[in-house]
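One file, entry_28.tsv, carrying TSV, C-alpha atoms:
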```tsv
chain	number	residue	atom	x	y	z
A	1	MET	CA	3.13	-2.18	-11.04
A	2	GLY	CA	3.51	1.55	-10.81
A	3	THR	CA	1.63	4.11	-8.77
A	4	ASP	CA	-0.50	6.86	-10.23
A	5	ASP	CA	1.30	9.56	-8.24
A	6	GLY	CA	4.80	8.30	-8.99
A	7	ARG	CA	5.60	7.58	-5.33
A	8	ALA	CA	7.96	4.79	-4.32
A	9	GLU	CA	6.28	1.40	-4.31
A	10	LEU	CA	5.98	-0.94	-1.34
A	11	HIS	CA	5.41	-4.59	-2.22
A	12	VAL	CA	5.40	-7.19	0.52
A	13	ALA	CA	7.31	-10.44	0.04
A	14	VAL	CA	4.56	-12.32	1.85
A	15	VAL	CA	5.21	-15.24	4.14
A	16	THR	CA	3.00	-18.28	3.57
A	17	PRO	CA	0.76	-19.43	6.43
A	18	LEU	CA	0.41	-23.17	6.87
A	19	ASN	CA	-2.23	-25.42	8.36
A	20	GLY	CA	-1.22	-28.05	10.90
A	21	ASP	CA	-0.82	-30.63	8.12
A	22	GLY	CA	1.60	-28.42	6.17
A	23	SER	CA	-0.88	-27.32	3.51
A	24	VAL	CA	-1.29	-23.63	2.68
A	25	ASP	CA	-3.84	-21.78	4.78
A	26	ALA	CA	-5.27	-19.85	1.84
A	27	ALA	CA	-7.96	-18.10	3.89
A	28	ARG	CA	-5.41	-16.68	6.34
A	29	LEU	CA	-3.11	-15.70	3.47
A	30	LEU	CA	-5.97	-13.84	1.78
A	31	ALA	CA	-6.82	-11.98	4.98
A	32	HIS	CA	-3.15	-11.15	5.52
A	33	CYS	CA	-2.76	-9.78	1.99
A	34	GLN	CA	-5.95	-7.74	2.24
A	35	GLY	CA	-4.75	-6.27	5.52
A	36	LEU	CA	-1.41	-5.31	3.98
A	37	LEU	CA	-3.13	-3.46	1.14
A	38	VAL	CA	-5.36	-1.63	3.61
A	39	ALA	CA	-2.22	-0.67	5.56
A	40	GLY	CA	-0.87	1.16	2.52
A	41	CYS	CA	1.15	-1.46	0.69
A	42	ASP	CA	1.00	-1.29	-3.10
A	43	GLY	CA	1.10	-5.01	-3.72
A	44	ILE	CA	2.24	-8.42	-2.63
A	45	ALA	CA	4.85	-10.83	-3.96
A	46	LEU	CA	3.63	-14.39	-3.65
A	47	PHE	CA	5.83	-17.50	-3.18
A	48	GLY	CA	9.16	-15.71	-3.30
A	49	THR	CA	12.03	-16.52	-0.99
A	50	SER	CA	10.17	-15.17	2.06
A	51	GLY	CA	7.15	-17.24	1.03
A	52	GLU	CA	9.15	-20.50	0.89
A	53	GLY	CA	8.31	-20.65	-2.82
A	54	PRO	CA	10.48	-23.61	-3.88
A	55	SER	CA	8.91	-25.71	-1.10
A	56	PHE	CA	5.59	-25.72	-2.95
A	57	SER	CA	4.65	-27.56	-6.13
A	58	VAL	CA	3.53	-25.77	-9.27
A	59	ALA	CA	0.00	-27.06	-8.72
A	60	GLU	CA	-0.07	-25.77	-5.13
A	61	ARG	CA	1.16	-22.34	-6.14
A	62	MET	CA	-1.40	-22.07	-8.94
A	63	ALA	CA	-4.23	-23.17	-6.66
A	64	VAL	CA	-3.30	-20.60	-4.01
A	65	LEU	CA	-3.13	-17.80	-6.58
A	66	GLU	CA	-6.56	-18.77	-7.86
A	67	ALA	CA	-7.93	-18.78	-4.30
A	68	LEU	CA	-6.58	-15.28	-3.69
A	69	LEU	CA	-8.11	-14.01	-6.91
A	70	ALA	CA	-11.42	-15.69	-6.14
A	71	GLY	CA	-11.32	-13.94	-2.76
A	72	GLY	CA	-11.13	-10.55	-4.47
A	73	LEU	CA	-7.41	-9.76	-4.37
A	74	PRO	CA	-6.71	-7.58	-7.43
A	75	PRO	CA	-4.41	-9.41	-9.87
A	76	ASP	CA	-2.63	-6.21	-10.86
A	77	ARG	CA	-1.35	-5.96	-7.28
A	78	ILE	CA	0.21	-9.43	-7.27
A	79	ILE	CA	3.76	-10.37	-8.25
A	80	VAL	CA	4.20	-14.14	-8.57
A	81	GLY	CA	7.45	-15.85	-7.63
A	82	ALA	CA	8.51	-18.44	-10.21
A	83	ALA	CA	11.61	-19.92	-8.60
A	84	CYS	CA	11.89	-23.48	-9.94
A	85	ALA	CA	14.82	-25.65	-10.96
A	86	ALA	CA	12.99	-26.92	-14.08
A	87	LEU	CA	12.44	-24.32	-16.80
A	88	PRO	CA	9.08	-25.81	-17.92
A	89	ASP	CA	7.82	-25.19	-14.39
A	90	VAL	CA	9.03	-21.57	-14.54
A	91	ALA	CA	7.21	-21.16	-17.87
A	92	ALA	CA	4.03	-22.78	-16.54
A	93	LEU	CA	3.88	-20.52	-13.48
A	94	SER	CA	4.67	-17.47	-15.61
A	95	HIS	CA	1.94	-18.29	-18.12
A	96	HIS	CA	-0.59	-18.88	-15.35
A	97	ALA	CA	0.23	-15.56	-13.70
A	98	ALA	CA	0.19	-13.59	-16.94
A	99	ALA	CA	-3.10	-15.13	-18.05
A	100	ALA	CA	-4.61	-14.15	-14.69
A	101	GLY	CA	-3.53	-10.53	-15.20
A	102	CYS	CA	-0.90	-10.43	-12.47
A	103	ALA	CA	1.45	-7.46	-12.40
A	104	ALA	CA	4.69	-9.37	-12.90
A	105	VAL	CA	6.62	-12.57	-12.40
A	106	LEU	CA	9.71	-12.67	-10.19
A	107	MET	CA	12.27	-14.97	-11.87
A	108	MET	CA	15.23	-16.32	-9.93
A	109	PRO	CA	18.24	-17.48	-11.99
A	110	PRO	CA	19.02	-21.23	-12.15
A	111	PHE	CA	19.99	-22.20	-8.62
A	112	PHE	CA	21.11	-25.82	-8.51
A	113	PHE	CA	24.09	-26.42	-10.78
A	114	ASP	CA	27.62	-25.26	-10.00
A	115	GLY	CA	29.75	-23.30	-12.45
A	116	VAL	CA	26.94	-21.66	-14.39
A	117	ASP	CA	28.27	-18.76	-16.49
A	118	ASP	CA	26.47	-15.69	-17.82
A	119	GLU	CA	25.72	-17.39	-21.13
A	120	GLY	CA	24.01	-20.25	-19.33
A	121	VAL	CA	21.98	-17.86	-17.18
A	122	PHE	CA	20.97	-15.85	-20.25
A	123	ARG	CA	19.83	-19.01	-22.04
A	124	ALA	CA	17.86	-20.14	-19.00
A	125	TYR	CA	15.99	-16.85	-18.78
A	126	ALA	CA	15.47	-16.72	-22.55
A	127	THR	CA	14.10	-20.25	-22.61
A	128	ALA	CA	11.69	-19.57	-19.75
A	129	ILE	CA	10.44	-16.36	-21.37
A	130	GLU	CA	10.18	-17.73	-24.89
A	131	THR	CA	8.28	-20.86	-23.82
A	132	THR	CA	5.80	-19.01	-21.60
A	133	GLY	CA	3.52	-18.23	-24.54
A	134	THR	CA	0.95	-15.47	-24.68
A	135	PRO	CA	0.14	-13.27	-22.98
A	136	ALA	CA	3.77	-12.55	-22.15
A	137	PRO	CA	4.43	-11.76	-18.50
A	138	LYS	CA	6.24	-8.74	-17.19
A	139	VAL	CA	9.42	-10.11	-15.63
A	140	LEU	CA	11.45	-8.90	-12.68
A	141	LEU	CA	14.93	-10.43	-12.58
A	142	TYR	CA	15.76	-11.66	-9.08
A	143	HIS	CA	19.29	-10.93	-7.88
A	144	ILE	CA	19.78	-12.82	-4.62
A	145	PRO	CA	23.21	-14.43	-4.86
A	146	LYS	CA	23.37	-15.53	-1.22
A	147	VAL	CA	20.44	-17.85	-1.94
A	148	SER	CA	20.74	-18.70	-5.63
A	149	ARG	CA	24.58	-18.69	-5.66
A	150	VAL	CA	24.20	-17.28	-9.18
A	151	PRO	CA	24.75	-13.51	-9.32
A	152	LEU	CA	23.19	-11.32	-12.00
A	153	GLY	CA	25.91	-8.99	-13.22
A	154	LEU	CA	25.19	-5.63	-14.82
A	155	GLY	CA	26.19	-6.85	-18.28
A	156	LEU	CA	23.83	-9.82	-18.06
A	157	ILE	CA	20.97	-7.67	-16.79
A	158	GLU	CA	21.49	-5.19	-19.63
A	159	ARG	CA	21.65	-8.01	-22.19
A	160	LEU	CA	18.36	-9.50	-20.97
A	161	ALA	CA	16.67	-6.09	-20.95
A	162	ALA	CA	17.86	-5.45	-24.53
A	163	ALA	CA	16.75	-8.90	-25.73
A	164	PHE	CA	13.31	-8.69	-24.12
A	165	PRO	CA	12.56	-4.95	-23.83
A	166	ASP	CA	8.80	-5.29	-23.36
A	167	ILE	CA	9.06	-8.20	-20.95
A	168	VAL	CA	12.06	-7.66	-18.64
A	169	VAL	CA	10.90	-4.55	-16.82
A	170	GLY	CA	12.92	-4.51	-13.63
A	171	VAL	CA	15.14	-6.12	-11.03
A	172	LYS	CA	14.64	-7.13	-7.43
A	173	ASP	CA	18.04	-6.63	-5.83
A	174	SER	CA	18.34	-8.60	-2.61
A	175	SER	CA	22.12	-8.70	-2.61
A	176	GLY	CA	22.49	-6.52	0.49
A	177	ASP	CA	25.61	-5.11	-1.19
A	178	TRP	CA	25.17	-1.33	-1.38
A	179	PRO	CA	28.03	-0.58	-3.83
A	180	SER	CA	26.57	-3.18	-6.22
A	181	THR	CA	23.07	-1.78	-5.78
A	182	GLU	CA	24.35	1.75	-6.36
A	183	ARG	CA	25.97	0.73	-9.67
A	184	LEU	CA	22.76	-0.96	-10.75
A	185	LEU	CA	20.77	2.18	-9.97
A	186	GLU	CA	23.24	4.33	-11.92
A	187	ARG	CA	22.91	2.10	-15.01
A	188	ARG	CA	19.25	1.17	-14.65
A	189	GLY	CA	18.04	2.79	-17.88
A	190	ASP	CA	14.33	2.04	-18.18
A	191	LEU	CA	14.45	-0.78	-15.66
A	192	ARG	CA	12.63	-0.42	-12.35
A	193	ILE	CA	14.90	-1.35	-9.45
A	194	PHE	CA	13.36	-2.71	-6.25
A	195	VAL	CA	15.53	-3.50	-3.24
A	196	GLY	CA	14.85	-6.38	-0.92
A	197	HIS	CA	17.35	-5.48	1.80
A	198	GLU	CA	15.37	-3.22	4.11
A	199	PRO	CA	18.29	-1.15	5.51
A	200	HIS	CA	18.97	0.04	1.94
A	201	VAL	CA	15.40	1.06	1.07
A	202	GLY	CA	15.75	4.77	1.86
A	203	ARG	CA	19.08	5.18	0.05
A	204	ALA	CA	17.88	3.26	-2.98
A	205	ILE	CA	14.74	5.38	-3.36
A	206	ALA	CA	16.77	8.56	-2.95
A	207	ASN	CA	19.00	7.32	-5.79
A	208	GLY	CA	16.21	6.56	-8.25
A	209	GLY	CA	14.98	3.19	-7.04
A	210	ALA	CA	11.37	2.29	-7.72
A	211	GLY	CA	10.76	1.06	-4.19
A	212	THR	CA	11.00	-2.21	-2.31
A	213	ILE	CA	9.79	-5.79	-2.31
A	214	CYS	CA	10.59	-6.82	1.24
A	215	GLY	CA	9.74	-9.24	3.99
A	216	ILE	CA	9.73	-7.05	7.11
A	217	ALA	CA	6.60	-5.34	5.79
A	218	ASN	CA	4.70	-8.51	6.77
A	219	ALA	CA	5.11	-7.42	10.38
A	220	ALA	CA	5.55	-3.65	10.06
A	221	PRO	CA	3.79	-2.39	6.91
A	222	THR	CA	3.10	1.10	8.27
A	223	LEU	CA	6.75	1.54	9.16
A	224	LEU	CA	7.91	0.55	5.66
A	225	ARG	CA	5.23	2.79	4.12
A	226	ARG	CA	6.63	5.75	6.04
A	227	LEU	CA	10.15	4.94	4.91
A	228	CYS	CA	9.09	4.70	1.26
A	229	ASP	CA	7.18	7.97	1.45
A	230	ALA	CA	9.91	9.89	3.29
A	231	PRO	CA	13.31	8.33	2.56
A	232	ALA	CA	15.11	11.51	3.62
A	233	GLY	CA	14.64	14.12	6.35
A	234	PRO	CA	13.68	13.66	10.02
A	235	ALA	CA	10.66	11.42	9.37
A	236	GLY	CA	12.70	9.22	7.06
A	237	SER	CA	15.55	9.02	9.55
A	238	ALA	CA	13.22	7.89	12.34
A	239	ALA	CA	11.62	5.26	10.10
A	240	ARG	CA	15.01	4.05	8.88
A	241	LEU	CA	16.32	3.65	12.43
A	242	ALA	CA	13.22	1.66	13.39
A	243	VAL	CA	13.56	-0.56	10.29
A	244	ASP	CA	17.22	-1.18	11.16
A	245	GLN	CA	16.13	-2.18	14.66
A	246	VAL	CA	13.70	-4.76	13.27
A	247	ALA	CA	16.34	-5.98	10.81
A	248	ALA	CA	18.63	-6.70	13.76
A	249	ALA	CA	16.34	-9.62	14.56
A	250	PHE	CA	17.98	-11.51	11.69
A	251	ASP	CA	21.48	-11.26	13.17
A	252	GLY	CA	22.58	-14.81	13.87
A	253	ARG	CA	19.14	-16.24	13.06
A	254	PRO	CA	17.80	-17.97	9.91
A	255	VAL	CA	15.90	-15.54	7.71
A	256	ILE	CA	12.58	-17.21	6.97
A	257	PRO	CA	11.90	-18.62	10.46
A	258	THR	CA	12.75	-15.18	11.87
A	259	LEU	CA	10.43	-13.47	9.42
A	260	LYS	CA	7.63	-15.83	10.38
A	261	ALA	CA	8.34	-15.18	14.06
A	262	LEU	CA	8.08	-11.43	13.43
A	263	THR	CA	4.76	-11.96	11.64
A	264	ALA	CA	3.49	-14.10	14.48
A	265	ALA	CA	4.50	-11.42	16.98
A	266	ALA	CA	2.80	-8.67	15.00
A	267	SER	CA	-0.42	-10.61	14.50
A	268	GLY	CA	-0.64	-12.44	17.80
A	269	PHE	CA	-1.18	-15.73	15.94
A	270	PRO	CA	1.53	-18.28	16.80
A	271	GLY	CA	0.56	-20.48	13.84
A	272	TRP	CA	2.63	-18.23	11.59
A	273	ASN	CA	5.64	-20.10	12.97
A	274	ARG	CA	4.77	-23.23	10.99
A	275	LEU	CA	7.26	-23.95	8.20
A	276	ARG	CA	7.76	-26.65	5.63
A	277	PRO	CA	10.74	-28.94	6.08
A	278	PRO	CA	13.66	-28.60	5.91
A	279	LEU	CA	13.00	-25.28	7.67
A	280	THR	CA	12.15	-25.34	11.37
A	281	PRO	CA	10.75	-22.66	13.70
A	282	LEU	CA	12.89	-20.57	15.97
A	283	ALA	CA	13.28	-21.79	19.52
A	284	ASP	CA	10.82	-20.26	21.98
A	285	ASP	CA	13.39	-17.95	23.53
A	286	ASP	CA	14.40	-16.66	20.10
A	287	GLN	CA	10.75	-16.06	19.21
A	288	GLU	CA	10.38	-14.01	22.40
A	289	ALA	CA	13.54	-12.02	21.65
A	290	VAL	CA	12.32	-11.27	18.12
A	291	ALA	CA	8.96	-10.12	19.49
A	292	ARG	CA	10.71	-7.77	21.92
A	293	LEU	CA	12.78	-6.24	19.12
A	294	LEU	CA	9.63	-5.65	17.08
A	295	ARG	CA	7.80	-4.01	19.98
A	296	SER	CA	10.78	-1.80	20.73
A	297	ALA	CA	11.07	-0.70	17.11
A	298	GLN	CA	7.35	0.04	16.94
A	299	ARG	CA	7.56	2.20	20.05
A	300	ALA	CA	10.53	4.08	18.65
A	301	ALA	CA	8.72	4.59	15.36
A	302	THR	CA	5.67	5.97	17.18
A	303	VAL	CA	7.81	8.47	19.03
A	304	GLY	CA	9.53	9.47	15.78
A	305	ALA	CA	6.34	9.71	13.73
A	306	PRO	CA	5.42	13.15	12.34
A	307	GLY	CA	2.78	14.92	14.41
```

So that I can check it, write out the structure of this file as structure tokens.
Amino acid sequence: MGTDDGRAELHVAVVTPLNGDGSVDAARLLAHCQGLLVAGCDGIALFGTSGEGPSFSVAERMAVLEALLAGGLPPDRIIVGAACAALPDVAALSHHAAAAGCAAVLMMPPFFFDGVDDEGVFRAYATAIETTGTPAPKVLLYHIPKVSRVPLGLGLIERLAAAFPDIVVGVKDSSGDWPSTERLLERRGDLRIFVGHEPHVGRAIANGGAGTICGIANAAPTLLRRLCDAPAGPAGSAARLAVDQVAAAFDGRPVIPTLKALTAAASGFPGWNRLRPPLTPLADDDQEAVARLLRSAQRAATVGAPG
């Protein structure tokens, strides 16, 4: 991770295309990732929340990563999601990614048991990191309490960064809670803070954030690139308004099916709407409404683009 010119980074939390039998369509995923890089994205995050990561086995995730690398996707532009309930699986995915030369591993906190305290979360992360082996991965801590139900407080983040200073390099903050994000940015130290909540991208970058790892970029990479490059001023305002318009598609709709519907609308390929159970696609009328929102936002962004 990191850009040569120090600009804010745009990494796409890629959705995972499926074949009719539910297996990963690795060829379509490769083409999608290549297109995102050509569109100006700095990298992709594979098998995160947007990519339905926990729905896939360790073996499936490793095989898909290897297929992407064999297809020419640069490993240093790949962040690998390692969200698993079993710590040996987290360590296995992390070792595989690090050995392949991937930029980082995105580690979600333990997400199954109730009543987990900060000490338990620290021990879970420490165990996963210490059993990964060599080469050690670069780790992004994943703060997404609405999904994991396990928040990463500032004290815990700082403790992990102090315990593993060459390994824990940043945080993906998908809380959607601006006051919490603002405090994290103020106390970030050497950590790189990436936001996942698109309406906060501009403010986060303006306050020292490293950039974003986000899902809407699957469908609107150019729009997110503009927002990262110009978080303030007229161009940034126009991009931010258009991003907010796309984000409105998620109001009252499930996140991952909506994100896949947006990707299908942007690409013209309805097969993006395939999901693994227990997730199900949006109803046809919702898919059409999402597509209209995307088209409207793209038109507004074109009008607001710098001449």

Please work out which residues fall within 8 Å of (16.8, 0.9, 3.5), coordinates as given in the file, with only C-alpha atoms counting, and return them as a ChimeraX atom specification. /A:197-204,227,240,243-244

Since we have the selection now, will you write its residues out, keeping C-alpha atoms, as a PDB file, in the coordinates of the input?
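Resulting contents of selection.pdb:
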```
ATOM      1  CA  HIS A 197      17.350  -5.480   1.800  1.00  0.00           C
ATOM      2  CA  GLU A 198      15.370  -3.220   4.110  1.00  0.00           C
ATOM      3  CA  PRO A 199      18.290  -1.150   5.510  1.00  0.00           C
ATOM      4  CA  HIS A 200      18.970   0.040   1.940  1.00  0.00           C
ATOM      5  CA  VAL A 201      15.400   1.060   1.070  1.00  0.00           C
ATOM      6  CA  GLY A 202      15.750   4.770   1.860  1.00  0.00           C
ATOM      7  CA  ARG A 203      19.080   5.180   0.050  1.00  0.00           C
ATOM      8  CA  ALA A 204      17.880   3.260  -2.980  1.00  0.00           C
ATOM      9  CA  LEU A 227      10.150   4.940   4.910  1.00  0.00           C
ATOM     10  CA  ARG A 240      15.010   4.050   8.880  1.00  0.00           C
ATOM     11  CA  VAL A 243      13.560  -0.560  10.290  1.00  0.00           C
ATOM     12  CA  ASP A 244      17.220  -1.180  11.160  1.00  0.00           C
TER      13      ASP A 244
END
```

Given the point (15.1, -7.0, -21.6) in the coordinates of this file, which residues lie within 12 Å, counting all atoms listed in the file, and how would they look as a PyMOL selection string? chain A and resi 122+125-126+129+138-141+155-171+188-192

I'd like to know which of A:Val121, A:Ala301, A:Leu275, A:Leu224 is closest to Met108 (chain A), using only C-alpha atoms. A:Val121

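Computed from the coordinates, the CA of Lys260 (chain A) to CA of Ala235 (chain A) distance equals 27.4 Å.
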
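With only C-alpha atoms as the atoms that count, the residue of A:Leu29, A:Ala63, A:Leu282, A:Met107 with the shortest distance to Pro17 (chain A) is A:Leu29.
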
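Reported to one decimal place, the separation of CA of Pro54 (chain A) from CA of Asp285 (chain A) is 28.1 Å.
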
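Each of A:Ser94, A:Thr181, A:Ser175, A:Ser23 was checked against Pro137 (chain A) using all atoms listed in the file; the smallest atom-to-atom distance is that of A:Ser94.
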
Interatomic distance, CA of Leu73 (chain A) to CA of Thr263 (chain A) (Å, one decimal): 20.2 Å

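Considering the residues A:Ser148, A:Leu93, A:Phe113, A:Thr222 and counting only C-alpha atoms, Asp42 (chain A) has its shortest atom-to-atom contact with A:Thr222.
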
Please write out, as AutoDock Vina command-line options, where the centre of an axis-aligned box around all listed atoms of region 82-86 of chain A lies and how long its edges are, in Å to one decimal, after adding 4 Å on each side.
```
--center_x 11.7 --center_y -22.7 --center_z -11.3 --size_x 14.3 --size_y 16.5 --size_z 13.5
```

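Using only C-alpha atoms, the residues found no farther than 10 Å from Gly40 (chain A), other than those of its own chain fewer than 3 positions away, are Glu9, Leu10, His11, Gly35, Leu36, Leu37, Gly43, Pro221, Thr222, Leu224, Arg225 and Arg226 of chain A.
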
Between A:Pro179, A:Gly120, A:Gly115, A:Gly101, single out the one closest to Ala136 (chain A), counting only C-alpha atoms. A:Gly101

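With only C-alpha atoms as the atoms that count, the minimum distance from His32 (chain A) to the choices A:Glu182, A:Asn218, A:Arg123, A:Gly236 is reached by A:Asn218.
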
Using only C-alpha atoms, which protein or nucleic acid residues come within 8 Å of region 56-62 of chain A? Drop anything in the same chain fewer than 6 positions from it, and give the result as number ranges by chain. A: 47, 89, 92-93, 96

Test item: residues at most 9 Å from Leu184 (chain A), all atoms listed in the file, excluding those fewer than 4 positions along its chain, as a count of residues only: 7

Residues at most 10 Å from Leu262 (chain A), counting only C-alpha atoms, excluding those fewer than 4 positions away in the same chain, as a VMD selection string? chain A and resid 215 to 220 246 249 256 to 258 266 to 268 272 to 273 287 to 295

I'd like the neighbourhood of Met1 (chain A) as a ChimeraX atom specification, where a residue qualifies if any of its atoms comes within 8 Å (using all atoms listed in the file), though same-chain residues fewer than 4 positions away should be ignored. /A:76-77,103-104
